Structures are given as C-alpha cells and as structure tokens.
file run.tsv (TSV, C-alpha atoms)
chain	number	residue	atom	x	y	z
A	1	PRO	CA	-8.21	-42.85	-55.62
A	2	ASN	CA	-9.21	-42.53	-52.01
A	3	MET	CA	-7.03	-43.70	-49.15
A	4	SER	CA	-7.82	-44.82	-45.63
A	5	CYS	CA	-5.99	-42.93	-42.88
A	6	THR	CA	-5.71	-43.07	-39.13
A	7	VAL	CA	-4.45	-40.43	-36.71
A	8	ASP	CA	-2.29	-41.56	-33.77
A	9	VAL	CA	-2.28	-39.16	-30.79
A	10	ASN	CA	-0.07	-40.25	-27.90
A	11	GLY	CA	-0.61	-43.89	-28.86
A	12	THR	CA	-4.38	-43.61	-29.25
A	13	VAL	CA	-5.53	-44.28	-32.81
A	14	LYS	CA	-8.39	-42.20	-34.19
A	15	GLY	CA	-10.19	-43.15	-37.39
A	16	PRO	CA	-10.14	-44.54	-40.00
A	17	TYR	CA	-10.80	-41.48	-42.15
A	18	THR	CA	-11.07	-41.23	-45.92
A	19	ALA	CA	-8.58	-38.95	-47.67
A	20	ASN	CA	-8.38	-38.01	-51.35
A	21	ASN	CA	-5.04	-38.59	-53.03
A	22	GLY	CA	-3.06	-35.34	-53.34
A	23	SER	CA	-5.62	-33.25	-51.47
A	24	MET	CA	-5.44	-31.69	-48.01
A	25	ALA	CA	-7.43	-33.59	-45.43
A	26	SER	CA	-8.50	-32.54	-41.95
A	27	GLU	CA	-10.33	-34.23	-39.15
A	28	THR	CA	-11.68	-32.93	-35.85
A	29	VAL	CA	-10.47	-34.81	-32.80
A	30	SER	CA	-11.89	-33.86	-29.36
A	31	GLY	CA	-11.57	-34.79	-25.71
A	32	PHE	CA	-8.12	-33.33	-25.01
A	33	THR	CA	-7.04	-32.23	-21.55
A	34	PRO	CA	-4.18	-29.76	-20.94
A	35	GLY	CA	-0.78	-31.17	-21.85
A	36	ILE	CA	1.68	-31.99	-24.64
A	37	TYR	CA	0.56	-34.35	-27.40
A	38	PHE	CA	2.54	-36.19	-30.08
A	39	TRP	CA	0.79	-37.20	-33.26
A	40	ASN	CA	1.28	-38.75	-36.70
A	41	VAL	CA	-0.85	-40.02	-39.60
A	42	THR	CA	-0.79	-43.43	-41.28
A	43	CYS	CA	-2.46	-43.85	-44.67
A	44	ALA	CA	-2.97	-46.96	-46.81
A	45	ASP	CA	-4.03	-47.19	-50.48
A	46	LEU	CA	-6.39	-49.71	-52.03
A	47	ALA	CA	-3.46	-52.06	-52.71
A	48	GLY	CA	-2.62	-52.14	-49.00
A	49	ASN	CA	0.51	-50.01	-49.23
A	50	ALA	CA	0.84	-47.93	-46.03
A	51	LYS	CA	3.08	-45.14	-44.85
A	52	THR	CA	3.35	-43.22	-41.61
A	53	SER	CA	4.22	-39.53	-41.43
A	54	SER	CA	6.84	-37.98	-39.16
A	55	THR	CA	5.71	-37.33	-35.59
A	56	GLN	CA	4.95	-33.78	-34.50
A	57	ASN	CA	3.58	-32.28	-31.29
A	58	PHE	CA	1.07	-29.74	-30.07
A	59	THR	CA	0.14	-28.34	-26.64
A	60	VAL	CA	-3.33	-27.88	-25.16
A	61	VAL	CA	-3.67	-25.07	-22.59
A	62	SER	CA	-6.97	-24.89	-20.72
A	63	THR	CA	-6.45	-21.42	-19.19
A	64	PRO	CA	-3.73	-18.79	-19.53
A	65	SER	CA	-1.17	-18.25	-16.78
A	66	SER	CA	-2.38	-16.18	-13.86
A	67	VAL	CA	-0.22	-13.83	-11.79
A	68	VAL	CA	-1.53	-11.81	-8.84
A	69	LEU	CA	0.49	-9.31	-6.81
A	70	LEU	CA	0.09	-10.02	-3.09
A	71	THR	CA	1.98	-7.09	-1.56
A	72	PRO	CA	-0.83	-4.53	-1.00
A	73	ASN	CA	-1.04	-1.59	-3.37
A	74	GLN	CA	0.54	1.64	-2.06
A	75	SER	CA	2.46	-0.23	0.65
A	76	ALA	CA	4.85	1.97	2.64
A	77	PHE	CA	8.26	0.77	3.86
A	78	ASN	CA	10.85	2.45	6.08
A	79	THR	CA	13.73	0.24	4.93
A	80	ARG	CA	15.70	0.15	1.68
A	81	THR	CA	15.44	-3.66	1.40
A	82	ILE	CA	11.96	-5.11	0.87
A	83	ASN	CA	10.17	-8.27	-0.27
A	84	LEU	CA	7.56	-8.02	-3.03
A	85	THR	CA	5.24	-11.03	-3.01
A	86	TYR	CA	3.14	-12.50	-5.81
A	87	ASN	CA	1.16	-15.65	-6.69
A	88	ALA	CA	1.59	-17.35	-10.08
A	89	THR	CA	-0.54	-20.22	-11.40
A	90	ASP	CA	-0.40	-22.22	-14.62
A	91	SER	CA	-2.03	-25.57	-15.45
A	92	LEU	CA	1.08	-26.78	-17.29
A	93	GLY	CA	3.80	-25.41	-15.01
A	94	LEU	CA	5.87	-22.25	-14.80
A	95	ASN	CA	9.34	-21.64	-16.19
A	96	SER	CA	10.34	-18.14	-15.10
A	97	SER	CA	9.20	-14.87	-13.58
A	98	ILE	CA	10.46	-11.32	-13.99
A	99	LEU	CA	10.13	-8.36	-11.62
A	100	ILE	CA	9.52	-5.12	-13.52
A	101	LEU	CA	10.28	-2.00	-11.47
A	102	ASN	CA	9.37	1.43	-12.84
A	103	GLY	CA	8.97	-0.08	-16.31
A	104	THR	CA	12.42	-1.75	-16.31
A	105	ILE	CA	13.36	-5.39	-15.70
A	106	ASN	CA	14.86	-5.53	-12.23
A	107	GLN	CA	15.51	-9.26	-11.75
A	108	THR	CA	14.36	-12.78	-12.61
A	109	ASN	CA	13.49	-15.59	-10.23
A	110	GLN	CA	16.50	-17.28	-8.63
A	111	THR	CA	14.57	-20.24	-7.20
A	112	PRO	CA	11.87	-22.48	-8.73
A	113	ILE	CA	8.44	-20.84	-8.83
A	114	ILE	CA	5.83	-22.29	-6.48
A	115	ASN	CA	2.90	-22.93	-8.81
A	116	GLY	CA	-0.24	-21.63	-7.10
A	117	GLY	CA	1.65	-20.42	-4.03
A	118	ALA	CA	3.33	-17.29	-2.71
A	119	ASN	CA	6.63	-16.27	-4.28
A	120	ASN	CA	8.71	-13.17	-3.66
A	121	PHE	CA	11.47	-10.95	-4.98
A	122	THR	CA	13.90	-9.27	-2.57
A	123	VAL	CA	14.83	-5.78	-3.71
A	124	THR	CA	17.75	-3.90	-2.14
A	125	GLY	CA	19.26	-0.42	-2.29
A	126	LEU	CA	16.02	1.44	-2.90
A	127	ALA	CA	16.09	5.22	-2.60
A	128	ASN	CA	13.28	7.14	-0.90
A	129	GLY	CA	10.33	7.73	-3.22
A	130	TRP	CA	7.42	6.12	-5.04
A	131	TYR	CA	7.78	3.05	-7.28
A	132	ASN	CA	5.50	1.07	-9.59
A	133	TRP	CA	5.97	-2.66	-10.04
A	134	THR	CA	4.56	-5.75	-11.69
A	135	VAL	CA	5.54	-9.37	-12.34
A	136	ASN	CA	5.61	-11.20	-15.68
A	137	VAL	CA	5.55	-15.02	-15.67
A	138	THR	CA	6.27	-17.46	-18.50
A	139	ASN	CA	5.01	-21.05	-18.54
A	140	LEU	CA	6.84	-24.14	-19.79
A	141	PHE	CA	5.73	-23.47	-23.38
A	142	GLY	CA	6.67	-19.82	-23.64
A	143	LEU	CA	3.26	-18.30	-22.95
A	144	ASN	CA	3.34	-15.39	-20.51
A	145	ALA	CA	1.11	-13.19	-18.40
A	146	THR	CA	1.63	-9.91	-16.54
A	147	ALA	CA	-0.11	-8.70	-13.38
A	148	PRO	CA	-1.76	-5.25	-13.18
A	149	VAL	CA	0.70	-2.62	-11.96
A	150	ARG	CA	0.82	-1.64	-8.28
A	151	THR	CA	2.81	1.00	-6.38
A	152	PHE	CA	4.82	1.16	-3.16
A	153	VAL	CA	6.81	3.86	-1.38
A	154	ILE	CA	10.13	3.93	0.46
A	155	GLU	CA	10.58	6.51	3.23
A	156	THR	CA	13.38	6.22	5.78
A	157	VAL	CA	13.35	9.82	7.07
A	158	PRO	CA	11.05	10.77	10.00
A	159	PRO	CA	8.83	13.84	9.64
A	160	SER	CA	10.49	17.08	10.74
A	161	ILE	CA	8.46	19.36	13.01
A	162	SER	CA	8.85	23.11	13.45
A	163	LEU	CA	6.89	24.75	16.28
A	164	ASN	CA	5.48	28.20	15.54
A	165	LEU	CA	3.08	29.57	18.16
A	166	PRO	CA	2.79	30.14	21.05
A	167	SER	CA	6.43	31.14	21.21
A	168	ASN	CA	8.71	29.44	23.71
A	169	ASP	CA	8.48	31.02	27.18
A	170	SER	CA	5.70	33.39	26.06
A	171	VAL	CA	3.18	34.68	28.61
A	172	TYR	CA	-0.61	34.85	28.15
A	173	ASN	CA	-3.37	35.98	30.47
A	174	ILE	CA	-6.02	33.81	28.82
A	175	ASN	CA	-6.58	30.06	29.07
A	176	SER	CA	-7.56	29.34	25.42
A	177	LEU	CA	-4.82	29.48	22.80
A	178	PRO	CA	-4.12	28.42	19.21
A	179	PHE	CA	-1.13	26.08	18.92
A	180	ASN	CA	0.39	25.83	15.45
A	181	PHE	CA	3.33	24.08	13.84
A	182	THR	CA	4.59	22.77	10.50
A	183	ALA	CA	5.27	19.05	9.91
A	184	THR	CA	7.23	18.13	6.78
A	185	SER	CA	7.71	14.74	5.08
A	186	THR	CA	10.11	14.19	2.19
A	187	VAL	CA	7.68	11.77	0.50
A	188	PHE	CA	4.15	11.88	1.93
A	189	SER	CA	1.61	14.66	1.42
A	190	SER	CA	0.33	14.33	4.98
A	191	VAL	CA	1.24	12.77	8.32
A	192	ASN	CA	-0.62	12.07	11.57
A	193	CYS	CA	0.20	13.91	14.78
A	194	ASN	CA	-0.38	14.19	18.52
A	195	LEU	CA	-0.21	17.59	20.23
A	196	THR	CA	0.55	17.39	23.95
A	197	VAL	CA	-0.22	20.50	26.06
A	198	GLY	CA	0.53	19.90	29.72
A	199	SER	CA	-1.24	16.66	30.61
A	200	TYR	CA	-3.75	16.90	27.76
A	201	VAL	CA	-3.13	15.09	24.44
A	202	ASP	CA	-4.89	16.16	21.24
A	203	GLU	CA	-4.62	12.82	19.44
A	204	ASN	CA	-4.23	11.45	15.93
A	205	PHE	CA	-5.11	14.35	13.64
A	206	ALA	CA	-3.85	14.84	10.09
A	207	ALA	CA	-1.30	17.51	9.19
A	208	SER	CA	-0.49	18.44	5.59
A	209	SER	CA	3.21	18.24	4.84
A	210	GLY	CA	4.93	21.63	4.70
A	211	ILE	CA	1.76	23.57	5.62
A	212	LEU	CA	1.04	25.31	8.94
A	213	THR	CA	-1.33	23.25	11.11
A	214	ASN	CA	-3.41	25.02	13.76
A	215	ARG	CA	-5.10	23.44	16.79
A	216	ASN	CA	-7.16	25.44	19.30
A	217	GLU	CA	-6.79	24.29	22.89
A	218	THR	CA	-8.95	25.46	25.80
A	219	ASN	CA	-9.08	25.29	29.60
A	220	LEU	CA	-5.34	25.67	30.03
A	221	GLN	CA	-4.17	25.68	33.64
A	222	ASN	CA	-2.31	28.59	35.17
A	223	GLY	CA	1.43	28.18	35.36
A	224	LEU	CA	4.27	27.06	33.11
A	225	VAL	CA	2.73	24.65	30.59
A	226	PRO	CA	4.94	22.47	28.33
A	227	TRP	CA	3.83	21.65	24.79
A	228	GLN	CA	5.23	19.29	22.14
A	229	VAL	CA	4.20	17.69	18.83
A	230	ILE	CA	4.89	14.11	17.69
A	231	CYS	CA	4.11	13.04	14.09
A	232	TRP	CA	4.37	9.76	12.20
A	233	ASP	CA	4.09	8.84	8.52
A	234	PRO	CA	2.43	5.80	6.84
A	235	ALA	CA	5.81	4.01	6.76
A	236	GLY	CA	6.03	4.13	10.56
A	237	ASN	CA	8.72	6.80	10.91
A	238	VAL	CA	8.19	8.97	14.01
A	239	GLY	CA	9.44	12.52	14.46
A	240	SER	CA	9.15	14.76	17.53
A	241	SER	CA	9.53	18.46	18.11
A	242	PRO	CA	11.48	20.11	20.96
A	243	THR	CA	9.42	20.94	24.03
A	244	TRP	CA	8.36	24.57	24.36
A	245	TYR	CA	6.72	26.29	27.31
A	246	VAL	CA	3.93	28.81	27.60
A	247	ASN	CA	3.19	30.67	30.82
A	248	ILE	CA	-0.54	31.03	31.53
A	249	SER	CA	-1.12	33.81	34.06
A	250	GLN	CA	-4.78	34.75	34.24
A	251	PRO	CA	-5.83	37.67	36.48
A	252	PRO	CA	-8.05	36.75	39.42
A	253	SER	CA	-11.79	36.67	38.75
A	254	VAL	CA	-14.15	38.57	41.09
A	255	TYR	CA	-17.87	37.85	41.19
A	256	PHE	CA	-20.38	39.91	43.24
A	257	LEU	CA	-22.69	37.79	45.32
A	258	THR	CA	-24.74	40.68	46.70
A	259	PRO	CA	-27.31	41.49	44.00
A	260	ASN	CA	-27.05	44.76	42.13
A	261	LYS	CA	-29.29	47.64	43.35
A	262	THR	CA	-29.94	45.97	46.67
A	263	TYR	CA	-31.78	48.08	49.33
A	264	PHE	CA	-30.79	48.00	53.00
A	265	ASN	CA	-32.61	49.37	56.08
A	266	SER	CA	-29.53	49.29	58.30
A	267	SER	CA	-26.46	51.42	58.60
A	268	SER	CA	-24.30	48.30	58.81
A	269	ILE	CA	-24.44	46.08	55.77
A	270	LYS	CA	-22.56	43.04	54.46
A	271	LEU	CA	-21.40	43.10	50.82
A	272	GLN	CA	-20.52	39.64	49.57
A	273	TYR	CA	-18.27	38.63	46.70
A	274	ASN	CA	-16.37	35.62	45.46
call {"tool": "encode", "arguments": {"input": "run.tsv", "output": "structure tokens"}}
result
Amino acid sequence: PNMSCTVDVNGTVKGPYTANNGSMASETVSGFTPGIYFWNVTCADLAGNAKTSSTQNFTVVSTPSSVVLLTPNQSAFNTRTINLTYNATDSLGLNSSILILNGTINQTNQTPIINGGANNFTVTGLANGWYNWTVNVTNLFGLNATAPVRTFVIETVPPSISLNLPSNDSVYNINSLPFNFTATSTVFSSVNCNLTVGSYVDENFAASSGILTNRNETNLQNGLVPWQVICWDPAGNVGSSPTWYVNISQPPSVYFLTPNKTYFNSSSIKLQYN
C-alpha cells in the first residue's frame, strides 16, 4: 500500500508526498541558499501509524572558493624576508590556507583568514634565486581551491661592474670615443645603467649581464676626463664601478681664411687664418 510522507528541512515541512511501500522514493525540493541543512522524513500508513527517520545533513555551496594572488607576478625583492599577499573568498567561510613554494608546502595560516580581504604569509631565510608560489585554501566543509602559480625573485647582491675601455689614464687625440664595460648580476639577465663621462650622463640604458656593453660618446672636452658606470637591478640593488680617467689631448685646428688660389696686385699681402 501507499504511504504519505513529508520531508522536514531545517524545520520547514515539504509535502505530503506519496511513497510506495518498500520502494525508493525521491522528491525534488528547491529554493535553497548556501548553507548547512538538516533533514528527515516522516511517513504514515493508511492506519495512521507514523515514523520519522534519523536526521542527516547536506551543504549547499553557491560558488567554489576563490583565491587570488595579490603580490605581482615576477616581483623582485632585495631582502631574504618577504610577505606574499593573497585574497581568499568563500560564501560559507574559510578554514585554512597553505602556502606552496616551489611545489612544496611551506606553511599554513597562523591567524584566521580574512574572508574576501587581503591575507599574507611571511617567508624568511630565502636564498637568492627565482621561486614559484601559490596558495591553496580550504573552506569550512573541506572543499578547496588553488590560485594560478606566480613567480618572484630574491637578489641581495648588487651588480658588479668591470670597466674595459678606454683604459685608466690613457691618452687620446680625438674627442669621440667608445666606452665599454661589463655589468654582471647573479640572478638577472640584464640591468640598467648610467655612464658618466665628465659632466655628461648617458642615462638609463640596458646592459646584458656578463656581456660587454659599448656606448659611443662624442664631443669630449680636452683635459683629464673622469668616467664611471652605475648599474641597478630590478630588485633595487645598486652597484658602481671605480672612477677611471681618460686624457683628451686634441692637436690645435688651423683653418685658412684667405681663399685658395687668391690673386694679389701688391707686393705686400695679408694671409689670414684661424
């Protein structure tokens, strides 16, 4: 015989529904918002005998957890202790977060996660080099999400700079010279540099790490001219070369002012030059 059943969800009764004795019954119940729900079923036969099942629970999640890394990708740091920042959001609340560094769990959150706000991990003792990182978060019901991987770099050593030409205390009789040097970083493939020659500054050009860089400078003044190179890397480390000197000693220039093949009708003439 058929029975009449009702479904109780968090104290709200749905039904009645008809169920066949000894057969599986199912009903569709709608209108749920995210949260935890407790439910049971009460059925009564034609004689009025009724029984209620044990109470069980289910969870409705509207959207999965979201985790976004906030520290910019390829960030550069010149310290071995850094903060990595992320944002985690979940409609039901968050239980834990894990920092994964170079594919290995580095640490878990030590303070409650700010749902929908900025959170951070402090990482210490980092060696110079490149790292990849991500954050995995788990909500109150064990569901988790992981952010796309990003990278950062640690560099605490300034670029080293080796001057090449013109040699220190060299002498030239021309006022245009190539200046070349080698800047080397332990981590970065290139750095930015300023070349100072006398009072002139050749500013903010790129130099490949470990490769000779050449800059042509013109209109050099006569005399003892100092030159130096300063370079900096994306982490903010600054390196400087020693100061070298080049002696510019151009011969005097003579220009004839009296035109060539000039004719004179006097035995006394004036030849002009500059």
call {"tool": "axis_aligned_box", "arguments": {"input": "run.tsv", "around": "segment 96-108 of chain A", "padding_each_side": "3 Å", "output": "AutoDock Vina command-line options"}}
result
--center_x 12.2 --center_y -8.4 --center_z -13.9 --size_x 12.5 --size_y 25.6 --size_z 10.8
call {"tool": "closest_residue", "arguments": {"input": "run.tsv", "among": "A:Arg215, A:Arg80, A:Arg150, A:Lys261", "to": "Val68 of chain A", "atoms": "all atoms listed in the file"}}
result
A:Arg150
call {"tool": "atom_distance", "arguments": {"input": "run.tsv", "atom1": "atom CA of Trp39 of chain A", "atom2": "atom CA of Lys14 of chain A"}}
result
10.5 Å
call {"tool": "atom_distance", "arguments": {"input": "run.tsv", "atom1": "atom CA of Thr33 of chain A", "atom2": "atom CA of Val9 of chain A"}}
result
12.5 Å
call {"tool": "closest_residue", "arguments": {"input": "run.tsv", "among": "A:Tyr273, A:Leu177, A:Asp169, A:Ile161", "to": "Trp244 of chain A", "atoms": "only C-alpha atoms"}}
result
A:Asp169
call {"tool": "residues_around", "arguments": {"input": "run.tsv", "residues": "Ala19 of chain A", "least_positions_apart": "6", "cutoff": "12 Å", "atoms": "all atoms listed in the file", "output": "list in words"}}
result
Pro1, Asn2, Met3, Ser4, Cys5, Thr6, Val7, Ala25, Ser26, Glu27, Val41, Thr42, Cys43, Ala44, Asp45 and Leu46 of chain A
call {"tool": "residues_around", "arguments": {"input": "run.tsv", "residues": "Asn204 of chain A", "least_positions_apart": "2", "cutoff": "10 Å", "atoms": "all atoms listed in the file", "output": "list in words"}}
result
Val191, Asn192, Cys193, Asn194, Leu195, Val201, Asp202, Ala206, Ala207, Ile230, Cys231 and Trp232 of chain A
call {"tool": "atom_distance", "arguments": {"input": "run.tsv", "atom1": "atom CA of Asn10 of chain A", "atom2": "atom CA of Asp90 of chain A"}}
result
22.4 Å
call {"tool": "closest_residue", "arguments": {"input": "run.tsv", "among": "A:Ile82, A:Leu70, A:Leu94, A:Val149", "to": "Trp133 of chain A", "atoms": "all atoms listed in the file"}}
result
A:Val149
call {"tool": "residues_around", "arguments": {"input": "run.tsv", "residues": "segment 139-141 of chain A", "least_positions_apart": "2", "cutoff": "6 Å", "atoms": "all atoms listed in the file", "output": "compact mmCIF listing (two decimals) with C-alpha atoms, in the coordinates of the input"}}
result
# COMPACT_ATOMS: atom_id res chain seq x y z
CA GLY A 93 3.80 -25.41 -15.01
CA LEU A 94 5.87 -22.25 -14.80
CA ASN A 95 9.34 -21.64 -16.19
CA LEU A 143 3.26 -18.30 -22.95
call {"tool": "closest_residue", "arguments": {"input": "run.tsv", "among": "A:Gln56, A:Ser185, A:Thr89, A:Asn132", "to": "Gly210 of chain A", "atoms": "all atoms listed in the file"}}
result
A:Ser185
call {"tool": "residues_near_point", "arguments": {"input": "run.tsv", "point": "(3.3, 29.7, 32.6)", "cutoff": "7 Å", "atoms": "all atoms listed in the file", "output": "number ranges by chain"}}
result
A: 171, 222-225, 246-249
call {"tool": "closest_residue", "arguments": {"input": "run.tsv", "among": "A:Gly116, A:Ser167, A:Asn128, A:Ile100", "to": "Pro148 of chain A", "atoms": "all atoms listed in the file"}}
result
A:Ile100
call {"tool": "closest_residue", "arguments": {"input": "run.tsv", "among": "A:Ser266, A:Ser176, A:Asn168, A:Glu203", "to": "Trp227 of chain A", "atoms": "all atoms listed in the file"}}
result
A:Asn168
